[in-house]
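Coordinates from work-v8.tsv are shown below (TSV, C-alpha atoms).
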chain	number	residue	atom	x	y	z
A	1	ASN	CA	83.33	96.98	32.14
A	2	GLU	CA	82.50	100.36	30.70
A	3	LEU	CA	80.82	100.68	27.32
A	4	GLU	CA	82.37	102.90	24.71
A	5	PRO	CA	79.89	105.28	23.04
A	6	ARG	CA	79.25	104.87	19.33
A	7	HIS	CA	78.50	107.98	17.31
A	8	VAL	CA	76.21	108.71	14.39
A	9	PRO	CA	76.83	112.00	12.52
A	10	ALA	CA	74.26	114.56	13.69
A	11	ARG	CA	73.81	116.53	10.43
A	12	GLY	CA	71.45	119.05	12.03
A	13	PHE	CA	69.06	116.42	13.31
A	14	ASN	CA	66.04	117.20	15.47
A	15	PRO	CA	66.70	115.49	18.84
A	16	SER	CA	63.03	115.53	19.86
A	17	GLY	CA	62.20	113.16	16.99
A	18	PHE	CA	65.11	110.75	17.53
A	19	GLY	CA	64.20	107.08	18.02
A	20	PHE	CA	64.62	103.43	17.16
A	21	THR	CA	62.63	101.27	14.78
A	22	ALA	CA	60.30	98.80	16.49
A	23	ASP	CA	62.62	95.89	15.66
A	24	GLY	CA	65.53	97.69	17.36
A	25	ARG	CA	67.77	97.28	14.31
A	26	SER	CA	67.83	100.91	13.19
A	27	VAL	CA	68.18	104.41	14.64
A	28	ILE	CA	65.95	107.17	13.24
A	29	THR	CA	67.33	110.72	13.09
A	30	PRO	CA	64.94	113.29	11.59
A	31	THR	CA	66.36	116.65	10.51
A	32	GLU	CA	65.30	120.25	10.48
A	33	LYS	CA	65.57	120.16	6.67
A	34	GLY	CA	62.79	117.59	6.29
A	35	LEU	CA	64.98	114.51	5.88
A	36	VAL	CA	64.83	111.31	7.93
A	37	HIS	CA	68.07	109.33	8.20
A	38	ILE	CA	67.87	105.63	9.03
A	39	TRP	CA	71.05	104.10	10.51
A	40	ASP	CA	71.89	100.43	11.00
A	41	VAL	CA	72.55	99.87	14.73
A	42	ALA	CA	75.06	97.05	14.17
A	43	THR	CA	77.27	98.87	11.65
A	44	LEU	CA	76.35	102.54	12.26
A	45	ARG	CA	76.11	102.93	8.50
A	46	GLU	CA	73.35	104.98	6.96
A	47	ARG	CA	70.78	102.63	5.42
A	48	ILE	CA	68.60	105.19	3.68
A	49	VAL	CA	67.49	108.82	3.66
A	50	LEU	CA	63.74	109.39	3.46
A	51	ARG	CA	62.75	112.54	1.54
A	52	ARG	CA	59.12	113.63	1.59
A	53	HIS	CA	58.86	116.48	4.06
A	54	MET	CA	59.39	120.09	3.04
A	55	LYS	CA	60.11	121.36	6.59
A	56	SER	CA	61.49	120.05	9.86
A	57	VAL	CA	60.46	116.53	10.89
A	58	ASP	CA	59.29	116.77	14.49
A	59	HIS	CA	58.22	113.25	15.33
A	60	CYS	CA	58.93	109.68	14.27
A	61	ASP	CA	57.36	106.50	15.58
A	62	SER	CA	57.77	102.88	14.57
A	63	VAL	CA	55.66	99.76	15.06
A	64	ASN	CA	56.08	96.17	14.02
A	65	HIS	CA	52.89	94.84	12.41
A	66	GLU	CA	52.82	91.17	11.41
A	67	GLY	CA	56.57	91.10	10.84
A	68	THR	CA	56.73	94.37	8.90
A	69	THR	CA	58.28	97.47	10.47
A	70	MET	CA	56.22	100.58	9.76
A	71	LEU	CA	57.52	104.11	10.37
A	72	ALA	CA	55.39	107.23	10.70
A	73	THR	CA	56.94	110.70	10.36
A	74	ILE	CA	55.27	114.01	11.13
A	75	GLY	CA	56.68	117.25	9.76
A	76	ARG	CA	56.04	120.95	10.23
A	77	ASP	CA	54.86	120.97	6.62
A	78	GLY	CA	51.64	119.35	7.88
A	79	ARG	CA	52.43	115.97	6.33
A	80	VAL	CA	52.19	112.61	8.01
A	81	CYS	CA	54.16	110.03	6.02
A	82	LEU	CA	53.94	106.27	6.47
A	83	TRP	CA	56.89	104.13	5.43
A	84	GLU	CA	57.27	100.37	5.14
A	85	MET	CA	60.80	99.52	6.23
A	86	ALA	CA	62.70	96.61	4.71
A	87	PRO	CA	64.89	94.76	7.18
A	88	PRO	CA	68.63	95.54	7.10
A	89	GLN	CA	70.57	93.30	4.71
Rewritten as structure tokens:
Amino acid sequence: NELEPRHVPARGFNPSGFGFTADGRSVITPTEKGLVHIWDVATLRERIVLRRHMKSVDHCDSVNHEGTTMLATIGRDGRVCLWEMAPPQ
């Protein structure tokens, strides 16, 4: 059995910051325009777009703390943003 690839639209994303949330339910794709797209793994639908960075987002990391998924993003604008992620509905 060979798996078929599933695709998420790239939209100018920064591949060095690509990742998954700690719960494995979402894919994180940061962009060079300062946006962070969160995609549902099961449906490949965009869950939300995070907008706080003014320049490229270079790094994203996610941890699960006491049942809550937290996401940290680091941008070239010098900002570190912390996000509390709600589980997919």
Legend entry - 7 Å contact set for segment 33-38 of chain A, all atoms listed in the file, chain neighbours under 3 positions out, as an MDAnalysis selection string: chainID A and resid 26:30 46:51 53:57
Saved selection, atoms kept: C-alpha atoms, as a short mmCIF file (atom, residue, chain, number, x, y, z; two decimals), keeping the file's coordinate frame:
data_model
loop_
_atom_site.label_atom_id
_atom_site.label_comp_id
_atom_site.auth_asym_id
_atom_site.auth_seq_id
_atom_site.Cartn_x
_atom_site.Cartn_y
_atom_site.Cartn_z
CA SER A 26 67.83 100.91 13.19
CA VAL A 27 68.18 104.41 14.64
CA ILE A 28 65.95 107.17 13.24
CA THR A 29 67.33 110.72 13.09
CA PRO A 30 64.94 113.29 11.59
CA GLU A 46 73.35 104.98 6.96
CA ARG A 47 70.78 102.63 5.42
CA ILE A 48 68.60 105.19 3.68
CA VAL A 49 67.49 108.82 3.66
CA LEU A 50 63.74 109.39 3.46
CA ARG A 51 62.75 112.54 1.54
CA HIS A 53 58.86 116.48 4.06
CA MET A 54 59.39 120.09 3.04
CA LYS A 55 60.11 121.36 6.59
CA SER A 56 61.49 120.05 9.86
CA VAL A 57 60.46 116.53 10.89
#
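In this model, the gap between atom CA of Gly75 of chain A and atom CA of Thr43 of chain A comes to 27.7 Å.
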Inset, instruction - Find the residues near Cys60 of chain A: any atom within 6 Å, counting all atoms listed in the file, skip ones fewer than 2 places away on the same chain, and give them as a PyMOL selection string. - result: chain A and resi 17+72-73
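In this model, the gap between atom CA of Arg79 of chain A and atom CA of Arg25 of chain A comes to 25.5 Å.
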Legend entry - Distance query Thr68 of chain A at most 9 Å, all atoms listed in the file, self and fewer than 5 positions along chain excluded, as a VMD selection string: chain A and resid 63 84 to 87
Selection to disk with C-alpha atoms, as a short mmCIF file (atom, residue, chain, number, x, y, z; two decimals), keeping the file's coordinate frame:
data_model
loop_
_atom_site.label_atom_id
_atom_site.label_comp_id
_atom_site.auth_asym_id
_atom_site.auth_seq_id
_atom_site.Cartn_x
_atom_site.Cartn_y
_atom_site.Cartn_z
CA VAL A 63 55.66 99.76 15.06
CA GLU A 84 57.27 100.37 5.14
CA MET A 85 60.80 99.52 6.23
CA ALA A 86 62.70 96.61 4.71
CA PRO A 87 64.89 94.76 7.18
#
Legend entry - Atom pair atom CA of Glu66 of chain A / atom CA of Ala42 of chain A: separation (Å): 23.2 Å
Legend entry - Nearest to Met70 of chain A by atom-to-atom distance, counting all atoms listed in the file, from A:Arg52, A:Thr31, A:Trp39, A:Leu82: A:Leu82
Legend entry - Nearest to Arg76 of chain A by atom-to-atom distance, counting all atoms listed in the file, from A:His59, A:Asp40, A:Arg45, A:Thr21: A:His59
Please return segment 21-39 of chain A, rebuilt to N, CA, C and O atoms, as a compact mmCIF listing (two decimals), keeping the file's coordinate frame.
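So the final result, stored in out36.txt, reads:
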# COMPACT_ATOMS: atom_id res chain seq x y z
N THR A 21 63.72 102.02 15.41
CA THR A 21 62.63 101.27 14.78
C THR A 21 62.15 100.22 15.76
O THR A 21 62.86 99.84 16.69
N ALA A 22 60.93 99.75 15.56
CA ALA A 22 60.30 98.80 16.49
C ALA A 22 61.10 97.51 16.63
O ALA A 22 61.10 96.89 17.69
N ASP A 23 61.82 97.12 15.58
CA ASP A 23 62.62 95.89 15.66
C ASP A 23 63.97 96.12 16.34
O ASP A 23 64.72 95.18 16.57
N GLY A 24 64.29 97.37 16.67
CA GLY A 24 65.53 97.69 17.36
C GLY A 24 66.77 97.64 16.50
O GLY A 24 67.88 97.82 16.99
N ARG A 25 66.62 97.43 15.20
CA ARG A 25 67.77 97.28 14.31
C ARG A 25 68.27 98.60 13.72
O ARG A 25 69.36 98.65 13.17
N SER A 26 67.46 99.64 13.82
CA SER A 26 67.83 100.91 13.19
C SER A 26 67.55 102.09 14.12
O SER A 26 66.64 102.05 14.93
N VAL A 27 68.37 103.14 13.95
CA VAL A 27 68.18 104.41 14.64
C VAL A 27 67.59 105.39 13.64
O VAL A 27 68.01 105.44 12.48
N ILE A 28 66.62 106.18 14.08
CA ILE A 28 65.95 107.17 13.24
C ILE A 28 66.40 108.55 13.69
O ILE A 28 66.25 108.89 14.86
N THR A 29 66.95 109.35 12.76
CA THR A 29 67.33 110.72 13.09
C THR A 29 66.68 111.68 12.08
O THR A 29 67.17 111.84 10.97
N PRO A 30 65.57 112.30 12.47
CA PRO A 30 64.94 113.29 11.59
C PRO A 30 65.72 114.61 11.64
O PRO A 30 66.40 114.89 12.63
N THR A 31 65.61 115.39 10.57
CA THR A 31 66.36 116.65 10.51
C THR A 31 65.43 117.84 10.39
O THR A 31 64.25 117.72 10.08
N GLU A 32 66.03 118.99 10.62
CA GLU A 32 65.30 120.25 10.48
C GLU A 32 65.06 120.60 9.02
O GLU A 32 64.29 121.49 8.71
N LYS A 33 65.73 119.90 8.10
CA LYS A 33 65.57 120.16 6.67
C LYS A 33 64.55 119.23 6.02
O LYS A 33 64.45 119.18 4.80
N GLY A 34 63.83 118.45 6.82
CA GLY A 34 62.79 117.59 6.29
C GLY A 34 63.24 116.19 5.89
O GLY A 34 62.48 115.44 5.31
N LEU A 35 64.47 115.84 6.20
CA LEU A 35 64.98 114.51 5.88
C LEU A 35 64.89 113.60 7.10
O LEU A 35 64.92 114.08 8.24
N VAL A 36 64.81 112.30 6.85
CA VAL A 36 64.83 111.31 7.93
C VAL A 36 65.93 110.31 7.57
O VAL A 36 65.85 109.63 6.56
N HIS A 37 66.96 110.25 8.41
CA HIS A 37 68.07 109.33 8.20
C HIS A 37 67.81 108.07 9.01
O HIS A 37 67.45 108.13 10.18
N ILE A 38 68.02 106.92 8.37
CA ILE A 38 67.87 105.63 9.03
C ILE A 38 69.26 104.99 9.09
O ILE A 38 69.91 104.81 8.04
N TRP A 39 69.71 104.64 10.29
CA TRP A 39 71.05 104.10 10.51
C TRP A 39 70.95 102.67 11.02
O TRP A 39 70.14 102.37 11.89
